[in-house]
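> Below you will find the structure I want to go over with you.
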Amino acid sequence: MIEIRLPTDLYAHIVEDLQKPHEFALERVGFVFGKFDELTSDKSVVLLHQYTAVADDDYIENDNYAAAINSESIVKAMQVVRVKRAEPGCVFHIHTHEHKGRPSFSRQDQQGLPPLIPGFLRSAPKGVHGLILLSHNNGIAQVWRPTAPDRPESSSIVLTGKYMRVWS
Amino acid sequence: MMSEDNVANRFDRQKFLGGNAQEQITAFTVGVVGLGGGGSHLIQQLAHVGFQHYVLYDFDTVSFTNLNRLVGATVEDAEKKEKKVKVAERLIKGLQPNAIIRSHQSRWQDEPEDLKTCQLIFGALDTYLGRKELEECSRRYLMTLVDIGMDVHTGQDGIPIIGGQAIISAPGGLCMRCMGFLTDEKLAQEQALYGGIGSRPQVVWSNGVLASTAISMAMNLISGWTGAAEQSLYLIYDGNRMTVKPNRAVYSIQEPCSHFPPEAVGPVIL
Ligand SMILES: [Zn+2]
């Protein structure tokens with residue numbers, strides 16, 4: 001099982017950015033970075049520590065997706081994680097669905113987002129990578145390991161810091 | 001076996017913690033490092049509250065000198081020099097028979113991987129160095145640390161003074177150095193004593209106050225039941241006046257922690 005740990009101050013920063021209105025995009029997205037450590041035979045952790053917003057200009061007008069972004073922004077994200085290739089760096093695409101309770105990936109999410117993963121895996125082959133989806137008070141994640149690029153795992157998210165929550 | 005009804009009714013009296021508080025309690029893995037006077041009280045309360053996943057560390061065995069304060073230990077344990085982790089396991093299993101417990105009769109530094117699987121750790125250690133190392137690990141793995149400790153020293157009039165503290169050191173927040181609790185002077189003084197902290201005075205009632213304080217801090221972190229915007233991070237116990245009060249000096253600290261940069265997480269790669 002993989003557990004994603006997200007400090008509450010980083011979470012607050014991410015939520016603040018994702019909630020900002022955009023000129024035409026219906027949703028905002030971002031990239032959050034972390035380190036991976038395989039602790040025991042049954043538990044590994046992703047330790048998130050940095051967030052990069054997608055710049056306003058990097059959104060593209062598109063009728064199929066609530067938030068379409070250009071490849072520039074993805075390249076920028078991969079540069080962040082590529083800086084230290086020796087480290088087990090992780091990159092996660094993150095966005096929000098506007099409701100309370102446990103969210104689930106939409107059909108568009110399921111089609112549009114997994115194609116990002118092979119690029120993440122190539123940029124940082126020692127880490128795990130994936131997708132995080134937030135609601136107003138909950139979140140879910142899917143994680144791809146380099147050893148199983150075709151089989152994503154559902155992961156729990158733990159908020160840790162000023163307060164603590166487990167979303168499993 | 002406990003019936004389903006009994007299981008459901010067990011936590012009736014703490015429902016005020018909120019709708020899914022019990023679910024949250026069940027989801028956490030808690031670590032307790034040091035299962036002596038302070039740690040044994042922590043174990044007892046964690047088990048009553050309903051935690052189900054534990055990681056325990058103590059290299060020591062029960063002796064007769066422990067019996068003035070070691071919750072759960074018996075004369076028989078002292079006679080047969082029972083492991084302190086076994087006493088803690090028995091205490092937990094008596095209340096939570098299905099609990100999953102990973103025990104280590106060792107220093108956590110010798111077998112650290114299980115500790116890192118916890119989200120919340122309690123430190124009940126004797127030394128400043130021990131606290132420093134535990135805090136370093138807790139920050140690298142984004143775990144929240146609740147540390148307790150007590151101390152008896154002699155005052156000016158020759159009267160014993162009991163003091164203690166309960167401190168939360170959480171990712172992104174102030175650390176024990178920021179709060180002025182861990183200092184180079186204290187660490188150097190301790191080292192000069194050759195780690196020879198000797199047989200420090202310890203009493204069951206002070207350990208009980210400090211453990212209760214730590215658990216109340218942790219329960220608010222998990223459930224937010226008090227609704228308070230800011231949680232007290234550093235509570236000072238005065239065993240002579242019999243009070244627990246916030247360390248006011250901590251409130252005036254404006255700068256964020258510079259000792260643990262956000263990116264310093266995960267394994268140390270050399
Ligand atoms: Zn600090």
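Chain lettering (A, B, ...) mirrors the order of the structure tokens, residue numbering begins at 1 for each chain separately, and ligand numbering begins at 1 in order of display.
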For chain B, which residues have at least one atom within 7 Å of chain A, if we go by only C-alpha atoms? Write them as a PyMOL selection string, please.
chain B and resi 24+27+113+117+141-144+170-173+221-222+262-263+265-267
> As a list in words, please: every protein or nucleic acid residue near ligand 1 (cut-off 10 Å, counting only C-alpha atoms and all ligand atoms).
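Those within range of ligand 1 are Ser169, Gly172, Gly173, Leu174, Cys175, Met176, Arg177, Cys178, Met179, Gly180, Leu182, Glu255, Pro256, Cys257, Ser258, His259, Phe260 and Pro261 of chain B.
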> Stretch 76-263 of chain B: which residues are alpha helix (DSSP H) by DSSP, as a PyMOL selection string?
chain B and resi 76-79+84-95+113-116+128-140+184-192+204-223+248-251
> Using backbone DSSP assignments, extract all strand (DSSP E) residues from stretch 112-239 of chain B; output them as a short mmCIF file (atom, residue, chain, number, x, y, z; two decimals) with N, CA and C atoms, in the first residue's frame.

```cif
data_model
loop_
_atom_site.label_atom_id
_atom_site.label_comp_id
_atom_site.auth_asym_id
_atom_site.auth_seq_id
_atom_site.Cartn_x
_atom_site.Cartn_y
_atom_site.Cartn_z
N LEU B 120 1.41 9.50 13.32
CA LEU B 120 1.42 10.23 14.59
C LEU B 120 2.32 9.46 15.55
N ILE B 121 3.33 10.16 16.09
CA ILE B 121 4.19 9.45 17.04
C ILE B 121 4.25 10.20 18.37
N PHE B 122 4.34 9.41 19.41
CA PHE B 122 4.47 9.94 20.77
C PHE B 122 5.86 9.59 21.28
N GLY B 123 6.55 10.62 21.77
CA GLY B 123 7.87 10.40 22.35
C GLY B 123 7.77 10.52 23.86
N THR B 144 3.64 13.69 12.65
CA THR B 144 3.48 14.64 13.74
C THR B 144 3.96 13.99 15.03
N LEU B 145 4.81 14.72 15.74
CA LEU B 145 5.39 14.20 16.98
C LEU B 145 4.77 14.91 18.18
N VAL B 146 4.31 14.13 19.15
CA VAL B 146 3.87 14.71 20.43
C VAL B 146 4.83 14.17 21.47
N ASP B 147 5.57 15.07 22.09
CA ASP B 147 6.63 14.67 23.01
C ASP B 147 6.26 15.06 24.45
N ILE B 148 6.51 14.14 25.37
CA ILE B 148 6.31 14.50 26.78
C ILE B 148 7.56 14.17 27.59
N GLY B 149 7.71 14.90 28.70
CA GLY B 149 8.81 14.60 29.59
C GLY B 149 8.60 15.28 30.92
N MET B 150 9.12 14.67 31.97
CA MET B 150 9.06 15.29 33.29
C MET B 150 10.42 15.25 33.94
N ASP B 151 10.54 16.07 34.97
CA ASP B 151 11.84 16.24 35.57
C ASP B 151 11.61 16.71 37.02
N VAL B 152 12.44 16.23 37.94
CA VAL B 152 12.38 16.72 39.33
C VAL B 152 13.75 17.29 39.67
N HIS B 153 13.78 18.53 40.08
CA HIS B 153 15.05 19.05 40.56
C HIS B 153 14.84 19.77 41.90
N THR B 154 15.93 20.12 42.54
CA THR B 154 15.81 20.72 43.86
C THR B 154 15.84 22.24 43.75
N PRO B 160 11.77 19.93 46.51
CA PRO B 160 11.76 19.36 45.14
C PRO B 160 10.78 20.13 44.25
N ILE B 161 11.18 20.32 43.01
CA ILE B 161 10.32 21.00 42.04
C ILE B 161 10.05 20.02 40.89
N ILE B 162 8.76 19.74 40.69
CA ILE B 162 8.40 18.85 39.57
C ILE B 162 7.98 19.72 38.39
N GLY B 163 8.62 19.48 37.26
CA GLY B 163 8.25 20.20 36.04
C GLY B 163 8.07 19.22 34.89
N GLY B 164 7.47 19.70 33.84
CA GLY B 164 7.33 18.83 32.66
C GLY B 164 6.74 19.61 31.51
N GLN B 165 6.63 18.94 30.38
CA GLN B 165 6.09 19.61 29.20
C GLN B 165 5.50 18.60 28.23
N ALA B 166 4.54 19.08 27.47
CA ALA B 166 4.00 18.31 26.34
C ALA B 166 4.09 19.24 25.14
N ILE B 167 4.73 18.75 24.07
CA ILE B 167 5.03 19.59 22.91
C ILE B 167 4.59 18.88 21.63
N ILE B 168 3.93 19.63 20.76
CA ILE B 168 3.63 19.11 19.42
C ILE B 168 4.64 19.70 18.45
N SER B 169 5.33 18.83 17.72
CA SER B 169 6.21 19.27 16.64
C SER B 169 5.66 18.67 15.35
N TYR B 234 2.79 23.93 22.98
CA TYR B 234 3.77 23.70 24.05
C TYR B 234 3.07 24.00 25.36
N LEU B 235 2.81 22.95 26.13
CA LEU B 235 2.14 23.12 27.42
C LEU B 235 3.12 22.79 28.53
N ILE B 236 3.13 23.64 29.52
CA ILE B 236 4.08 23.47 30.63
C ILE B 236 3.34 22.98 31.87
N TYR B 237 3.88 21.94 32.45
CA TYR B 237 3.31 21.36 33.66
C TYR B 237 4.12 21.83 34.86
N ASP B 238 3.43 22.38 35.83
CA ASP B 238 4.05 22.77 37.10
C ASP B 238 3.50 21.82 38.17
#
```
> What lies within 7 Å of stretch 131-145 of chain A using only C-alpha atoms, ignoring chain neighbours under 3 positions off, as a tab-separated table (two decimals) with N, CA, C and O atoms, in the first residue's frame?

```tsv
chain	number	residue	atom	x	y	z
A	92	PHE	N	2.85	14.51	-9.18
A	92	PHE	CA	1.41	14.23	-9.22
A	92	PHE	C	0.67	15.38	-9.87
A	92	PHE	O	0.90	16.54	-9.53
A	93	HIS	N	-0.19	15.04	-10.80
A	93	HIS	CA	-1.16	16.02	-11.33
A	93	HIS	C	-2.25	16.17	-10.28
A	93	HIS	O	-2.69	15.18	-9.69
A	94	ILE	N	-2.68	17.40	-10.01
A	94	ILE	CA	-3.68	17.59	-8.96
A	94	ILE	C	-4.75	18.57	-9.44
A	94	ILE	O	-4.44	19.58	-10.08
A	95	HIS	N	-6.01	18.24	-9.19
A	95	HIS	CA	-7.10	19.17	-9.46
A	95	HIS	C	-8.26	18.88	-8.52
A	95	HIS	O	-8.21	17.94	-7.72
A	96	THR	N	-9.27	19.73	-8.58
A	96	THR	CA	-10.37	19.68	-7.61
A	96	THR	C	-11.70	19.50	-8.32
A	96	THR	O	-11.90	20.07	-9.39
A	97	HIS	N	-12.59	18.74	-7.71
A	97	HIS	CA	-13.99	18.74	-8.13
A	97	HIS	C	-14.79	19.49	-7.06
A	97	HIS	O	-14.58	19.29	-5.87
A	98	GLU	N	-15.69	20.34	-7.54
A	98	GLU	CA	-16.34	21.29	-6.63
A	98	GLU	C	-17.53	20.68	-5.90
A	98	GLU	O	-18.68	20.97	-6.21
A	99	HIS	N	-17.25	19.86	-4.92
A	99	HIS	CA	-18.32	19.31	-4.07
A	99	HIS	C	-17.68	18.82	-2.79
A	99	HIS	O	-16.45	18.79	-2.68
A	100	LYS	N	-18.51	18.40	-1.84
A	100	LYS	CA	-17.99	17.81	-0.60
A	100	LYS	C	-18.03	16.30	-0.71
A	100	LYS	O	-18.75	15.74	-1.54
A	101	GLY	N	-17.28	15.63	0.14
A	101	GLY	CA	-17.30	14.16	0.18
A	101	GLY	C	-16.27	13.56	-0.76
A	101	GLY	O	-15.50	14.28	-1.41
A	102	ARG	N	-16.28	12.24	-0.82
A	102	ARG	CA	-15.25	11.53	-1.59
A	102	ARG	C	-15.44	11.78	-3.08
A	102	ARG	O	-16.50	11.48	-3.64
A	103	PRO	N	-14.44	12.31	-3.75
A	103	PRO	CA	-14.59	12.58	-5.19
A	103	PRO	C	-14.28	11.32	-6.00
A	103	PRO	O	-13.79	10.33	-5.46
A	128	VAL	N	7.51	7.15	-7.80
A	128	VAL	CA	6.19	6.76	-8.27
A	128	VAL	C	5.46	8.05	-8.61
A	128	VAL	O	5.84	9.13	-8.13
A	148	ALA	N	5.25	-1.29	-12.42
A	148	ALA	CA	3.93	-1.74	-12.90
A	148	ALA	C	3.23	-0.58	-13.61
A	148	ALA	O	2.22	-0.07	-13.14
A	149	PRO	N	3.79	-0.16	-14.75
A	149	PRO	CA	3.29	1.05	-15.41
A	149	PRO	C	1.87	0.91	-15.95
A	149	PRO	O	1.27	1.91	-16.34
A	151	ARG	N	-0.59	-0.77	-14.17
A	151	ARG	CA	-1.53	-1.09	-13.07
A	151	ARG	C	-1.48	-0.04	-11.97
A	151	ARG	O	-0.73	-0.17	-11.00
A	152	PRO	N	-2.27	1.03	-12.11
A	152	PRO	CA	-2.28	2.04	-11.04
A	152	PRO	C	-2.91	1.49	-9.76
A	152	PRO	O	-3.77	0.61	-9.82
A	153	GLU	N	-2.44	2.02	-8.62
A	153	GLU	CA	-2.99	1.62	-7.32
A	153	GLU	C	-3.72	2.81	-6.71
A	153	GLU	O	-3.28	3.94	-6.84
A	154	SER	N	-4.80	2.52	-5.99
A	154	SER	CA	-5.45	3.57	-5.21
A	154	SER	C	-4.63	3.78	-3.94
A	154	SER	O	-4.20	2.82	-3.32
A	155	SER	N	-4.42	5.04	-3.59
A	155	SER	CA	-3.61	5.32	-2.41
A	155	SER	C	-4.39	6.19	-1.44
A	155	SER	O	-5.24	6.98	-1.85
A	156	SER	N	-4.06	6.04	-0.17
A	156	SER	CA	-4.67	6.93	0.82
A	156	SER	C	-3.86	8.23	0.87
A	156	SER	O	-2.69	8.27	0.50
A	157	ILE	N	-4.52	9.28	1.33
A	157	ILE	CA	-3.86	10.58	1.49
A	157	ILE	C	-3.95	10.95	2.97
A	157	ILE	O	-5.02	10.83	3.57
A	167	TRP	N	-7.52	10.24	4.54
A	167	TRP	CA	-8.54	9.99	3.49
A	167	TRP	C	-8.19	8.66	2.86
A	167	TRP	O	-7.22	8.57	2.10
```
> Using only C-alpha atoms for the distances, tell me which of B:Ser138, B:Gln52, B:Ser63, B:Asn20 is nearest to B:Trp108.
B:Ser138
